[in-house]
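The next block is target-v2.txt, given as compact mmCIF, C-alpha atoms.
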```txt
# COMPACT_ATOMS: atom_id res chain seq x y z
CA MET A 12 150.72 34.80 105.66
CA LEU A 13 152.54 31.66 106.82
CA PRO A 14 154.68 31.79 109.99
CA SER A 15 158.44 32.24 109.65
CA ARG A 16 160.47 29.00 109.69
CA TYR A 17 163.33 27.87 111.88
CA VAL A 18 166.72 27.85 110.17
CA LYS A 19 169.24 25.44 111.68
CA HIS A 20 172.50 27.00 112.84
CA SER A 21 175.67 25.32 111.62
CA PRO A 22 177.74 24.56 113.56
CA ALA A 23 175.18 24.51 116.36
CA SER A 24 176.12 25.90 119.78
CA HIS A 25 174.36 25.58 123.11
CA GLU A 26 173.43 29.26 122.87
CA SER A 27 171.73 28.69 119.51
CA VAL A 28 169.34 26.08 120.94
CA SER A 29 165.85 27.56 121.16
CA VAL A 30 162.88 25.84 122.79
CA GLN A 31 159.23 26.75 122.99
CA VAL A 32 157.72 25.25 126.17
CA LEU A 33 153.93 25.08 125.93
CA VAL A 34 151.39 24.34 128.64
CA LEU A 35 147.71 25.01 127.98
CA GLY A 36 147.24 25.81 131.64
CA ASP A 37 148.51 28.09 134.40
CA ILE A 38 152.29 28.41 134.11
CA GLY A 39 152.65 29.00 137.84
CA ARG A 40 150.89 25.71 138.61
CA SER A 41 152.92 23.71 136.07
CA PRO A 42 156.17 23.00 137.94
CA ARG A 43 157.53 20.36 135.55
CA MET A 44 157.24 22.65 132.52
CA GLN A 45 158.87 25.48 134.46
CA TYR A 46 161.72 23.14 135.38
CA HIS A 47 162.16 22.23 131.70
CA ALA A 48 162.51 25.94 130.89
CA LEU A 49 165.02 26.53 133.67
CA SER A 50 167.09 23.51 132.62
CA VAL A 51 167.36 24.68 129.00
CA ALA A 52 168.25 28.21 130.11
CA ARG A 53 170.80 26.91 132.62
CA HIS A 54 172.78 25.45 129.72
CA GLY A 55 172.60 28.63 127.64
CA GLY A 56 169.54 27.90 125.50
CA ARG A 57 166.74 30.38 124.78
CA VAL A 58 163.25 29.57 126.05
CA ASP A 59 159.83 30.95 125.17
CA LEU A 60 157.45 29.81 127.92
CA ILE A 61 153.84 29.84 126.72
CA GLY A 62 150.73 29.39 128.86
CA TYR A 63 148.21 31.21 131.04
CA HIS A 64 149.91 33.76 133.29
CA GLU A 65 147.76 33.48 136.42
CA SER A 66 149.68 32.26 139.48
CA PRO A 67 153.19 33.63 140.11
CA PRO A 68 155.78 31.46 138.30
CA HIS A 69 158.94 30.15 139.95
CA PRO A 70 161.04 33.21 140.95
CA ASP A 71 163.99 31.97 138.87
CA ILE A 72 161.75 32.01 135.77
CA LEU A 73 161.03 35.70 136.26
CA SER A 74 164.68 36.65 136.83
CA ASN A 75 166.26 34.59 134.03
CA PRO A 76 167.07 36.72 130.96
CA ARG A 77 167.05 33.63 128.72
CA ILE A 78 163.39 32.88 129.47
CA LYS A 79 160.55 34.97 128.09
CA ILE A 80 156.93 34.38 129.02
CA TYR A 81 154.31 34.66 126.28
CA PRO A 82 150.93 34.64 128.04
CA LEU A 83 147.91 33.09 126.35
CA ALA A 84 144.71 35.12 126.48
CA PRO A 85 142.24 33.28 128.74
CA PRO A 86 138.81 32.34 127.33
CA PRO A 87 136.06 34.92 127.89
CA THR A 88 134.32 34.62 131.24
CA LEU A 89 131.06 33.79 129.47
CA LEU A 90 132.52 30.52 128.21
CA LYS A 91 133.40 29.50 131.78
CA SER A 92 129.87 30.12 133.00
CA LYS A 93 127.74 27.12 133.92
CA SER A 94 124.75 28.90 132.36
CA ILE A 95 125.94 27.74 128.92
CA PRO A 96 125.62 23.99 128.24
CA PHE A 97 128.92 22.10 127.86
CA ILE A 98 127.94 20.98 124.36
CA ILE A 99 128.00 24.66 123.32
CA ALA A 100 130.63 26.16 125.63
CA GLY A 101 133.12 23.31 125.07
CA PRO A 102 133.53 23.73 121.29
CA LEU A 103 133.55 27.53 121.58
CA LYS A 104 136.31 27.33 124.18
CA VAL A 105 138.33 25.03 121.90
CA LEU A 106 137.94 27.48 119.00
CA TRP A 107 139.20 30.28 121.24
CA GLN A 108 142.19 28.17 122.28
CA ILE A 109 142.98 27.30 118.65
CA TRP A 110 143.06 30.97 117.73
CA THR A 111 145.25 32.00 120.68
CA LEU A 112 147.65 29.08 120.23
CA ILE A 113 148.18 29.75 116.52
CA SER A 114 148.61 33.46 117.20
CA VAL A 115 151.26 32.99 119.90
CA LEU A 116 153.06 29.88 118.60
CA GLY A 117 153.03 30.92 114.97
CA TYR A 118 153.40 34.70 114.97
CA GLN A 119 154.23 36.29 118.35
CA THR A 120 157.17 34.00 119.13
CA PRO A 121 160.29 33.60 116.98
CA PRO A 122 160.77 30.19 115.31
CA ALA A 123 162.41 27.62 117.56
CA ARG A 124 164.38 24.43 117.13
CA TRP A 125 162.12 22.52 119.54
CA LEU A 126 158.50 22.73 120.68
CA LEU A 127 158.02 20.90 124.00
CA VAL A 128 154.33 20.53 124.80
CA GLN A 129 152.63 19.23 127.92
CA ASN A 130 149.92 16.60 127.53
CA PRO A 131 147.21 16.80 128.81
CA PRO A 132 145.34 18.85 127.85
CA SER A 133 145.48 17.23 124.42
CA ILE A 134 142.59 19.09 122.73
CA PRO A 135 143.44 21.23 120.82
CA THR A 136 147.07 21.36 121.98
CA LEU A 137 148.49 18.34 120.16
CA ALA A 138 146.89 19.19 116.79
CA ILE A 139 148.03 22.81 116.88
CA ALA A 140 151.51 21.81 118.06
CA LEU A 141 151.81 19.39 115.12
CA LEU A 142 150.63 22.05 112.67
CA ILE A 143 153.07 24.65 114.01
CA SER A 144 155.98 22.19 114.02
CA VAL A 145 155.39 21.48 110.32
CA LEU A 146 154.91 25.13 109.34
CA ARG A 147 157.92 26.37 111.31
CA ASN A 148 160.35 23.49 110.72
CA THR A 149 160.40 22.71 114.45
CA HIS A 150 161.03 19.39 116.21
CA LEU A 151 158.02 18.42 118.34
CA MET A 152 158.40 16.68 121.70
CA ILE A 153 155.39 15.64 123.79
CA ASP A 154 155.79 15.47 127.57
CA TRP A 155 153.16 12.93 128.63
CA HIS A 156 152.03 13.68 132.18
CA ASN A 157 148.81 11.68 131.81
CA TYR A 158 146.12 11.12 129.18
CA GLY A 159 143.47 13.71 128.46
CA TRP A 160 140.82 11.14 127.64
CA THR A 161 141.14 9.33 130.99
CA ILE A 162 140.71 12.61 132.89
CA LEU A 163 137.61 13.40 130.82
CA ALA A 164 136.32 9.88 131.49
CA GLY A 165 136.50 10.61 135.21
CA THR A 166 133.68 13.13 134.85
CA LYS A 167 131.82 11.91 131.74
CA GLY A 168 132.28 8.14 131.92
CA ARG A 169 134.33 6.01 129.52
CA ASP A 170 131.36 5.35 127.21
CA HIS A 171 130.58 9.04 126.60
CA PRO A 172 130.94 9.99 122.90
CA PHE A 173 133.29 12.90 123.75
CA VAL A 174 135.55 10.50 125.67
CA LYS A 175 135.72 8.05 122.77
CA ILE A 176 136.50 10.87 120.35
CA SER A 177 139.14 12.25 122.72
CA LYS A 178 140.78 8.83 123.05
CA ALA A 179 140.91 8.29 119.28
CA TYR A 180 142.28 11.82 118.76
CA GLU A 181 144.97 11.40 121.42
CA CYS A 182 146.09 8.03 120.06
CA ALA A 183 146.22 9.34 116.47
CA LEU A 184 148.15 12.50 117.35
CA GLY A 185 150.51 10.54 119.60
CA GLN A 186 151.40 8.33 116.65
CA ALA A 187 151.69 11.15 114.09
CA ALA A 188 153.03 14.14 115.96
CA PRO A 189 156.30 13.87 117.81
CA THR A 190 159.96 13.72 116.99
CA ALA A 191 160.34 12.31 120.50
CA ASN A 192 158.29 11.68 123.63
CA VAL A 193 158.90 12.05 127.34
CA THR A 194 156.94 10.19 130.02
CA VAL A 195 156.81 10.59 133.80
CA THR A 196 156.97 6.83 134.49
CA HIS A 197 158.31 3.63 132.97
CA ALA A 198 154.77 2.23 133.17
CA MET A 199 153.48 5.02 130.92
CA LYS A 200 156.32 4.41 128.43
CA ARG A 201 155.36 0.74 128.19
CA GLN A 202 151.70 1.65 127.75
CA LEU A 203 152.39 4.14 124.94
CA GLU A 204 154.35 1.49 123.05
CA ARG A 205 151.35 -0.87 123.07
CA PRO A 206 147.84 -0.64 121.54
CA PRO A 207 145.82 1.51 121.32
CA TYR A 208 148.60 4.14 121.32
CA ASN A 209 151.25 2.35 119.24
CA VAL A 210 153.68 5.27 119.46
CA LYS A 211 156.71 4.57 117.23
CA ALA A 212 158.81 7.69 117.90
CA PRO A 213 161.47 7.40 120.66
CA ILE A 214 160.09 7.50 124.21
CA LEU A 215 162.26 8.64 127.14
CA THR A 216 161.29 8.39 130.81
CA LEU A 217 162.10 11.47 132.87
CA HIS A 218 160.99 10.94 136.45
CA ASP A 219 159.94 14.05 138.29
CA ARG A 220 162.56 15.22 140.76
CA PRO A 221 162.38 18.12 143.22
CA ALA A 222 163.78 21.50 142.28
CA SER A 223 166.45 23.10 144.46
CA ILE A 224 163.87 25.25 146.27
CA PHE A 225 162.65 22.12 148.11
CA GLN A 226 165.18 21.25 150.81
CA PRO A 227 165.07 19.26 154.07
CA LEU A 228 164.92 21.18 157.33
CA GLN A 229 168.36 22.36 158.44
CA SER A 230 167.75 22.97 162.14
CA LEU A 231 165.07 23.08 164.83
CA PRO A 232 165.46 26.86 165.29
CA ASP A 233 164.72 27.27 161.57
CA ARG A 234 161.56 25.24 162.04
CA ARG A 235 160.42 27.33 164.99
CA ASP A 236 161.17 30.61 163.18
CA PHE A 237 159.06 29.59 160.18
CA LEU A 238 156.15 28.18 162.19
CA GLU A 239 156.01 31.38 164.23
CA LYS A 240 156.12 33.50 161.08
CA LEU A 241 153.45 31.71 159.03
CA SER A 242 149.98 32.98 159.94
CA GLU A 243 148.39 29.52 159.66
CA THR A 244 150.78 27.95 162.20
CA ARG A 245 151.77 30.87 164.45
CA GLU A 246 149.16 30.05 167.11
CA PHE A 247 150.26 26.41 167.35
CA ALA A 248 154.03 26.73 166.87
CA SER A 249 155.02 25.89 170.44
CA ASN A 250 152.84 22.77 170.60
CA ILE A 251 154.06 21.58 167.19
CA MET A 252 157.68 22.06 168.25
CA ALA A 253 157.00 20.11 171.46
CA GLY A 254 155.45 17.24 169.48
CA GLN A 255 152.13 17.66 171.28
CA THR A 256 150.37 18.74 168.07
CA LYS A 257 151.07 17.09 164.72
CA LEU A 258 151.29 19.09 161.49
CA ILE A 259 150.17 17.47 158.25
CA VAL A 260 150.17 19.09 154.80
CA SER A 261 148.32 18.17 151.64
CA SER A 262 148.38 19.91 148.28
CA THR A 263 145.35 19.37 146.07
CA SER A 264 143.84 20.65 142.84
CA TRP A 265 140.35 20.14 144.33
CA THR A 266 139.23 17.97 141.42
CA PRO A 267 137.39 14.60 141.26
CA ASP A 268 140.65 12.67 140.73
CA GLU A 269 141.69 13.71 144.26
CA ASP A 270 138.95 12.58 146.62
CA PHE A 271 139.33 14.95 149.57
CA SER A 272 136.57 13.11 151.44
CA LEU A 273 139.12 10.32 152.05
CA LEU A 274 141.15 12.66 154.26
CA LEU A 275 138.07 14.12 155.94
CA ASP A 276 136.68 10.67 156.79
CA ALA A 277 140.10 9.56 158.03
CA LEU A 278 140.40 12.59 160.32
CA VAL A 279 136.90 11.96 161.70
CA ALA A 280 137.87 8.37 162.47
CA TYR A 281 141.21 9.45 163.94
CA ALA A 282 139.53 12.02 166.20
CA LYS A 283 137.35 9.32 167.81
CA GLU A 284 140.41 7.94 169.61
CA GLU A 285 140.70 9.86 172.89
CA THR A 286 144.46 9.32 173.10
CA SER A 287 145.15 10.77 169.64
CA HIS A 288 147.40 13.82 169.31
CA PRO A 289 145.77 17.03 168.05
CA ILE A 290 146.34 17.62 164.33
CA ILE A 291 146.76 20.81 162.33
CA ALA A 292 146.00 20.03 158.67
CA ILE A 293 146.97 22.67 156.10
CA ILE A 294 145.57 22.11 152.61
CA THR A 295 147.10 24.14 149.81
CA GLY A 296 145.91 24.64 146.24
CA ARG A 297 143.02 25.97 144.19
CA GLY A 298 140.35 24.19 142.20
CA PRO A 299 136.67 23.75 141.40
CA GLN A 300 135.67 21.71 144.47
CA LYS A 301 137.41 23.83 147.09
CA ALA A 302 134.27 25.69 148.27
CA LEU A 303 132.31 22.41 148.43
CA TYR A 304 134.81 20.81 150.79
CA GLU A 305 135.30 23.94 152.87
CA LYS A 306 131.55 23.77 153.56
CA LYS A 307 131.87 20.08 154.52
CA VAL A 308 134.68 20.93 156.94
CA GLN A 309 132.55 23.64 158.56
CA ASP A 310 129.62 21.23 158.91
CA LEU A 311 131.81 18.55 160.52
CA GLN A 312 133.22 21.08 162.97
CA LYS A 313 129.74 22.33 163.89
CA GLU A 314 128.66 18.72 164.48
CA GLY A 315 131.62 18.21 166.83
CA ARG A 316 133.06 15.38 164.73
CA LEU A 317 136.55 16.92 164.48
CA PRO A 318 137.64 17.46 168.09
CA ASN A 319 141.30 18.47 168.35
CA ILE A 320 141.49 18.69 164.55
CA ARG A 321 142.06 22.05 162.84
CA ILE A 322 141.77 22.09 159.04
CA MET A 323 142.88 25.20 157.15
CA THR A 324 143.12 25.99 153.46
CA ALA A 325 145.95 28.21 152.23
CA TRP A 326 147.47 29.61 149.06
CA LEU A 327 151.19 30.07 149.64
CA THR A 328 154.13 31.39 147.69
CA MET A 329 156.48 28.73 146.33
CA GLU A 330 159.06 29.63 148.98
CA ASP A 331 156.60 29.37 151.88
CA TYR A 332 155.13 26.13 150.54
CA ALA A 333 158.59 24.57 150.33
CA ARG A 334 159.42 25.67 153.89
CA LEU A 335 156.05 24.41 155.17
CA LEU A 336 156.73 20.95 153.74
CA SER A 337 160.11 20.79 155.48
CA CYS A 338 158.46 21.73 158.81
CA ALA A 339 155.55 19.26 158.65
CA ASP A 340 155.33 15.85 160.33
CA LEU A 341 153.65 14.05 157.44
CA GLY A 342 152.56 14.80 153.88
CA ILE A 343 149.24 13.52 152.55
CA CYS A 344 148.66 12.80 148.85
CA LEU A 345 145.15 12.01 147.59
CA HIS A 346 146.06 11.76 143.90
CA MET A 347 144.14 9.00 142.14
CA SER A 348 145.71 8.33 138.77
CA SER A 349 143.04 8.38 136.04
CA SER A 350 145.38 6.43 133.76
CA GLY A 351 147.06 4.31 136.42
CA VAL A 352 150.51 5.22 135.09
CA ASP A 353 151.19 8.83 136.10
CA LEU A 354 152.70 10.10 139.35
CA PRO A 355 151.92 13.11 141.55
CA MET A 356 154.52 15.89 141.50
CA LYS A 357 153.45 16.91 145.00
CA VAL A 358 154.98 13.73 146.48
CA VAL A 359 158.27 14.51 144.71
CA ASP A 360 158.26 17.97 146.32
CA MET A 361 157.54 16.43 149.72
CA PHE A 362 160.48 14.06 149.37
CA GLY A 363 162.64 16.98 148.25
CA SER A 364 161.80 18.63 151.56
CA GLY A 365 162.60 15.47 153.51
CA LEU A 366 158.92 14.89 154.32
CA PRO A 367 157.55 11.31 154.44
CA VAL A 368 154.16 10.73 152.86
CA ALA A 369 150.95 8.81 153.22
CA ALA A 370 149.62 8.50 149.68
CA TYR A 371 146.76 6.87 147.82
CA SER A 372 148.27 3.74 146.31
CA GLY A 373 145.62 2.17 144.09
CA TYR A 374 147.40 2.48 140.74
CA GLU A 375 150.14 0.68 138.80
CA SER A 376 152.96 3.22 138.92
CA PHE A 377 152.71 4.01 142.66
CA SER A 378 155.76 1.90 143.58
CA GLU A 379 158.00 3.83 141.13
CA LEU A 380 157.92 6.68 143.64
CA VAL A 381 156.73 5.63 147.10
CA LYS A 382 158.47 2.67 148.77
CA GLU A 383 156.24 1.18 151.46
CA GLY A 384 157.90 1.37 154.86
CA VAL A 385 160.94 3.18 153.42
CA ASN A 386 159.81 6.72 152.57
CA GLY A 387 156.06 6.52 153.00
CA CYS A 388 152.88 4.48 153.41
CA GLY A 389 150.13 3.66 150.95
CA PHE A 390 146.38 3.56 151.55
CA GLU A 391 143.22 3.03 149.49
CA THR A 392 140.49 3.71 152.06
CA ALA A 393 139.80 6.30 154.74
CA GLU A 394 140.06 3.57 157.36
CA GLU A 395 143.57 2.67 156.19
CA LEU A 396 144.64 6.33 156.26
CA ALA A 397 143.20 6.78 159.76
CA ALA A 398 145.15 3.72 160.91
CA ILE A 399 148.38 5.17 159.44
CA LEU A 400 147.84 8.48 161.27
CA GLN A 401 147.08 6.72 164.56
CA ARG A 402 150.13 4.46 164.23
CA LEU A 403 152.69 7.06 163.13
CA PHE A 404 151.53 9.71 165.60
CA SER A 405 151.48 7.37 168.58
CA LYS A 406 154.38 6.97 171.01
CA GLU A 407 155.05 3.52 169.54
CA GLY A 408 155.17 4.95 166.01
CA LEU A 409 157.89 7.53 166.60
CA ALA A 410 160.67 5.20 165.45
CA GLU A 411 158.78 4.27 162.28
CA LEU A 412 158.14 7.92 161.46
CA ARG A 413 161.84 8.69 161.93
CA THR A 414 162.72 5.84 159.57
CA LEU A 415 160.31 7.17 156.94
CA ARG A 416 161.75 10.66 157.28
CA GLU A 417 165.27 9.32 156.73
CA GLY A 418 164.02 7.53 153.63
CA ALA A 419 162.43 10.74 152.35
CA LYS A 420 165.70 12.61 152.94
CA LYS A 421 167.55 10.01 150.85
CA GLU A 422 165.03 10.60 148.04
CA SER A 423 165.78 14.32 148.32
CA ASP A 424 169.33 13.62 147.13
CA LEU A 425 167.92 12.79 143.66
CA ARG A 426 167.48 16.17 142.01
CA TRP A 427 165.84 17.45 138.82
CA ASP A 428 168.96 19.00 137.30
CA GLU A 429 170.93 15.75 137.27
CA GLU A 430 167.97 13.70 135.99
CA TRP A 431 167.14 16.22 133.26
CA ASP A 432 170.75 16.47 132.07
CA ARG A 433 171.02 12.69 131.85
CA VAL A 434 167.75 12.17 129.94
CA LEU A 435 167.16 15.29 127.83
CA GLY A 436 170.32 17.41 127.77
CA ARG A 437 171.87 15.76 124.72
CA VAL A 438 168.54 15.20 122.97
CA LEU A 439 167.79 18.93 122.96
CA GLY A 440 171.36 19.79 122.11
CA VAL A 441 172.30 21.82 125.17
CA ILE A 442 174.86 19.25 126.38
CA ASP A 443 177.62 17.73 124.26
```

Rewrite the structure of this file - the entire thing - as structure tokens.
Amino acid sequence: MLPSRYVKHSPASHESVSVQVLVLGDIGRSPRMQYHALSVARHGGRVDLIGYHESPPHPDILSNPRIKIYPLAPPPTLLKSKSIPFIIAGPLKVLWQIWTLISVLGYQTPPARWLLVQNPPSIPTLAIALLISVLRNTHLMIDWHNYGWTILAGTKGRDHPFVKISKAYECALGQAAPTANVTVTHAMKRQLERPPYNVKAPILTLHDRPASIFQPLQSLPDRRDFLEKLSETREFASNIMAGQTKLIVSSTSWTPDEDFSLLLDALVAYAKEETSHPIIAIITGRGPQKALYEKKVQDLQKEGRLPNIRIMTAWLTMEDYARLLSCADLGICLHMSSSGVDLPMKVVDMFGSGLPVAAYSGYESFSELVKEGVNGCGFETAEELAAILQRLFSKEGLAELRTLREGAKKESDLRWDEEWDRVLGRVLGVID
């Protein structure tokens, strides 16, 4: 039996606008797609949020009566096991995803006016989204965060047959699928308009902006209260408040496109300087390489190569993560863009909290977000990052760090709600 079809309301009202928001990933770790859902609901639209329900979503998602979560069934554990070769497990996992996507998008959810899908992952998401949009009379919008084929190329190499197939698939679906497209940078928009993508449908750029939960620090007593409350910082709160110990924060997905060894090597180099301030480094996030790097940290500590450096990993609630950013001295971003034209959401959140950043800068779109010497500093090597830490955390660097923090606070004035309303509100029909 074919899925039911969307019937357009006439005259249309904001309340009649319905949007399916799809991410073939963990909803709780997909802030941009959550923000899309909240923005539609804020204007009276109905949202079905579809994805894996693993990490806790944004608290406003859970409390909003206009947003309903439809969880996707995760692939069986056997398909995630390394005991099965990728050439077998990969296709079986895709078949599982096809079945779950068709089941939820086509039958469990009511028909919607719009289907907004995150890319990547592109396989099988884009093909199934196109199929469902045709069967259910739904407008399809692709939110391009990056390219699936470039991420795959990071592990398989650009000449791998799977990578070439993935690239051809992504280009073909990008041309055929959407009513409209959204990109995270102007550079990505320009790239999609050119070969090999040749996307003809309208492309809008919606820069990531921080949600309201990320706010600059309001007072020093607030900073002390939080540092004394958080288990990772409680022991060092007094020294951090006195400026004797510096607090840095980095959020990572622990994947190859974020080379954590850059930060480790930089901290080793920084620690060699006898006059350097002690550093507490808190690393948040989950991912496949976390255990590997935790072992490297332990080995470096045992070898005595990290004197006065304390590195801790943490998994925090959204509220605590936002507060931690506002209390830190410097944010570190190790994101290496596989495509060269995406931007890391984590830097946006840091700016929203008034936190200056030191970020990897070796890609085209970097300057669309981080302004050198204004709200942050760029680096491409561990030596450059070590030099930034030594400069900013020295007595002579205090003025520069204050300048960068003021620049980050100015960035925090640019918020998601205003940007989303300007770019997408009228397109989706929730704003006149």

Next on the checklist: Please compute the atom CA of A:Glu65-atom CA of A:Gly436 distance, one decimal, in Å.
Outcome noted: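 Interatomic distance here is 29.0 Å.
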
Checklist entry - Quick one: of A:Ile322, A:Cys338, A:Ile259, A:Ala282, who's nearest to A:Asp233, counting all atoms listed in the file? => result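 Result for the nearest residue to A:Asp233: A:Cys338.
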
Interface rows for stretch 45-117 of chain A against stretch 419-432 of chain A: nearest pair, Å to one decimal, 10 Å, only C-alpha atoms, as a tab-separated table:
```
residue	atom	partner	partner_atom	distance
A:Tyr46	CA	A:Trp427	CA	7.8
A:His47	CA	A:Trp431	CA	8.0
A:Leu49	CA	A:Asp428	CA	9.2
A:Ser50	CA	A:Asp428	CA	6.8
A:Val51	CA	A:Asp432	CA	9.4
A:Arg53	CA	A:Asp428	CA	9.4
A:His54	CA	A:Asp432	CA	9.5
```

Checklist outcome for this item: The distance between atom CA of A:Leu317 and atom CA of A:Glu284 is 11.0 Å

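Among A:Thr414, A:Ser144, A:Ser405, A:Thr149, the residue with the shortest atom-to-atom distance to A:Gly387, counting only C-alpha atoms, is A:Thr414.
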
Next on the checklist: If we count only C-alpha atoms and set the cut-off at 12 Å, which residues sit around stretch 107-115 of chain A, ignoring sequence neighbours fewer than 5 positions away in its own chain? Please answer as number ranges by chain.
Outcome noted: A: 12-14, 31-36, 59-63, 80-88, 90, 100-102, 120-122, 128, 132-144, 146-147

So that I can check the surroundings of stretch 176-183 of chain A, please list as a short mmCIF file (atom, residue, chain, number, x, y, z; two decimals) with C-alpha atoms, keeping the file's coordinate frame every protein, DNA and RNA residue that reaches within 9 Å of it, counting only C-alpha atoms and ignoring chain neighbours fewer than 2 positions away.
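Okay, this is what ended up in around_11.cif:
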```cif
data_model
loop_
_atom_site.label_atom_id
_atom_site.label_comp_id
_atom_site.auth_asym_id
_atom_site.auth_seq_id
_atom_site.Cartn_x
_atom_site.Cartn_y
_atom_site.Cartn_z
CA SER A 133 145.48 17.23 124.42
CA ILE A 134 142.59 19.09 122.73
CA LEU A 137 148.49 18.34 120.16
CA ALA A 138 146.89 19.19 116.79
CA TYR A 158 146.12 11.12 129.18
CA GLY A 159 143.47 13.71 128.46
CA TRP A 160 140.82 11.14 127.64
CA THR A 161 141.14 9.33 130.99
CA LEU A 163 137.61 13.40 130.82
CA HIS A 171 130.58 9.04 126.60
CA PRO A 172 130.94 9.99 122.90
CA PHE A 173 133.29 12.90 123.75
CA VAL A 174 135.55 10.50 125.67
CA GLY A 185 150.51 10.54 119.60
CA GLN A 186 151.40 8.33 116.65
CA ALA A 187 151.69 11.15 114.09
CA ALA A 188 153.03 14.14 115.96
CA LEU A 203 152.39 4.14 124.94
CA PRO A 206 147.84 -0.64 121.54
CA PRO A 207 145.82 1.51 121.32
CA TYR A 208 148.60 4.14 121.32
CA ASN A 209 151.25 2.35 119.24
CA VAL A 210 153.68 5.27 119.46
#
```

Checklist outcome for this item: Counting all atoms listed in the file, closest pick from A:Ile291, A:Leu278, A:Ile78, A:Met361 relative to A:Thr244 is A:Ile291

Next on the checklist: I'd like the contact shell of A:Ser376 - 9 Å cut-off, only C-alpha atoms, skipping same-chain residues fewer than 6 positions apart - returned as an NGL selection string.
Outcome noted: :A and (196-199 or 348 or 351-354)

Mind completing stretch 250-255 of chain A with all heavy atoms? Output as a PDB file, in the frame of the given file, please?
```
ATOM      1  N   ASN A 250     153.324  24.146 170.437  1.00  0.00           N
ATOM      2  CA  ASN A 250     152.840  22.770 170.600  1.00  0.00           C
ATOM      3  C   ASN A 250     153.371  21.855 169.498  1.00  0.00           C
ATOM      4  O   ASN A 250     153.658  20.671 169.740  1.00  0.00           O
ATOM      5  CB  ASN A 250     151.315  22.738 170.604  1.00  0.00           C
ATOM      6  CG  ASN A 250     150.737  23.265 171.910  1.00  0.00           C
ATOM      7  OD1 ASN A 250     151.438  23.350 172.915  1.00  0.00           O
ATOM      8  ND2 ASN A 250     149.468  23.625 171.905  1.00  0.00           N
ATOM      9  N   ILE A 251     153.504  22.392 168.282  1.00  0.00           N
ATOM     10  CA  ILE A 251     154.060  21.580 167.190  1.00  0.00           C
ATOM     11  C   ILE A 251     155.522  21.272 167.482  1.00  0.00           C
ATOM     12  O   ILE A 251     155.976  20.134 167.311  1.00  0.00           O
ATOM     13  CB  ILE A 251     153.924  22.327 165.833  1.00  0.00           C
ATOM     14  CG1 ILE A 251     152.445  22.460 165.445  1.00  0.00           C
ATOM     15  CG2 ILE A 251     154.699  21.589 164.741  1.00  0.00           C
ATOM     16  CD1 ILE A 251     152.218  23.332 164.226  1.00  0.00           C
ATOM     17  N   MET A 252     156.264  22.273 167.939  1.00  0.00           N
ATOM     18  CA  MET A 252     157.680  22.060 168.250  1.00  0.00           C
ATOM     19  C   MET A 252     157.844  21.038 169.374  1.00  0.00           C
ATOM     20  O   MET A 252     158.802  20.257 169.378  1.00  0.00           O
ATOM     21  CB  MET A 252     158.336  23.384 168.645  1.00  0.00           C
ATOM     22  CG  MET A 252     158.521  24.366 167.506  1.00  0.00           C
ATOM     23  SD  MET A 252     159.616  23.753 166.215  1.00  0.00           S
ATOM     24  CE  MET A 252     161.146  23.526 167.115  1.00  0.00           C
ATOM     25  N   ALA A 253     156.916  21.034 170.319  1.00  0.00           N
ATOM     26  CA  ALA A 253     157.000  20.110 171.460  1.00  0.00           C
ATOM     27  C   ALA A 253     156.518  18.705 171.097  1.00  0.00           C
ATOM     28  O   ALA A 253     156.640  17.782 171.917  1.00  0.00           O
ATOM     29  CB  ALA A 253     156.182  20.655 172.625  1.00  0.00           C
ATOM     30  N   GLY A 254     155.961  18.542 169.899  1.00  0.00           N
ATOM     31  CA  GLY A 254     155.450  17.240 169.480  1.00  0.00           C
ATOM     32  C   GLY A 254     154.078  16.925 170.019  1.00  0.00           C
ATOM     33  O   GLY A 254     153.561  15.818 169.822  1.00  0.00           O
ATOM     34  N   GLN A 255     153.464  17.891 170.717  1.00  0.00           N
ATOM     35  CA  GLN A 255     152.130  17.660 171.280  1.00  0.00           C
ATOM     36  C   GLN A 255     151.045  17.758 170.214  1.00  0.00           C
ATOM     37  O   GLN A 255     149.997  17.121 170.309  1.00  0.00           O
ATOM     38  CB  GLN A 255     151.870  18.675 172.394  1.00  0.00           C
ATOM     39  CG  GLN A 255     152.832  18.562 173.560  1.00  0.00           C
ATOM     40  CD  GLN A 255     152.739  19.746 174.510  1.00  0.00           C
ATOM     41  OE1 GLN A 255     152.012  20.702 174.244  1.00  0.00           O
ATOM     42  NE2 GLN A 255     153.483  19.692 175.613  1.00  0.00           N
TER      43      GLN A 255
END
```
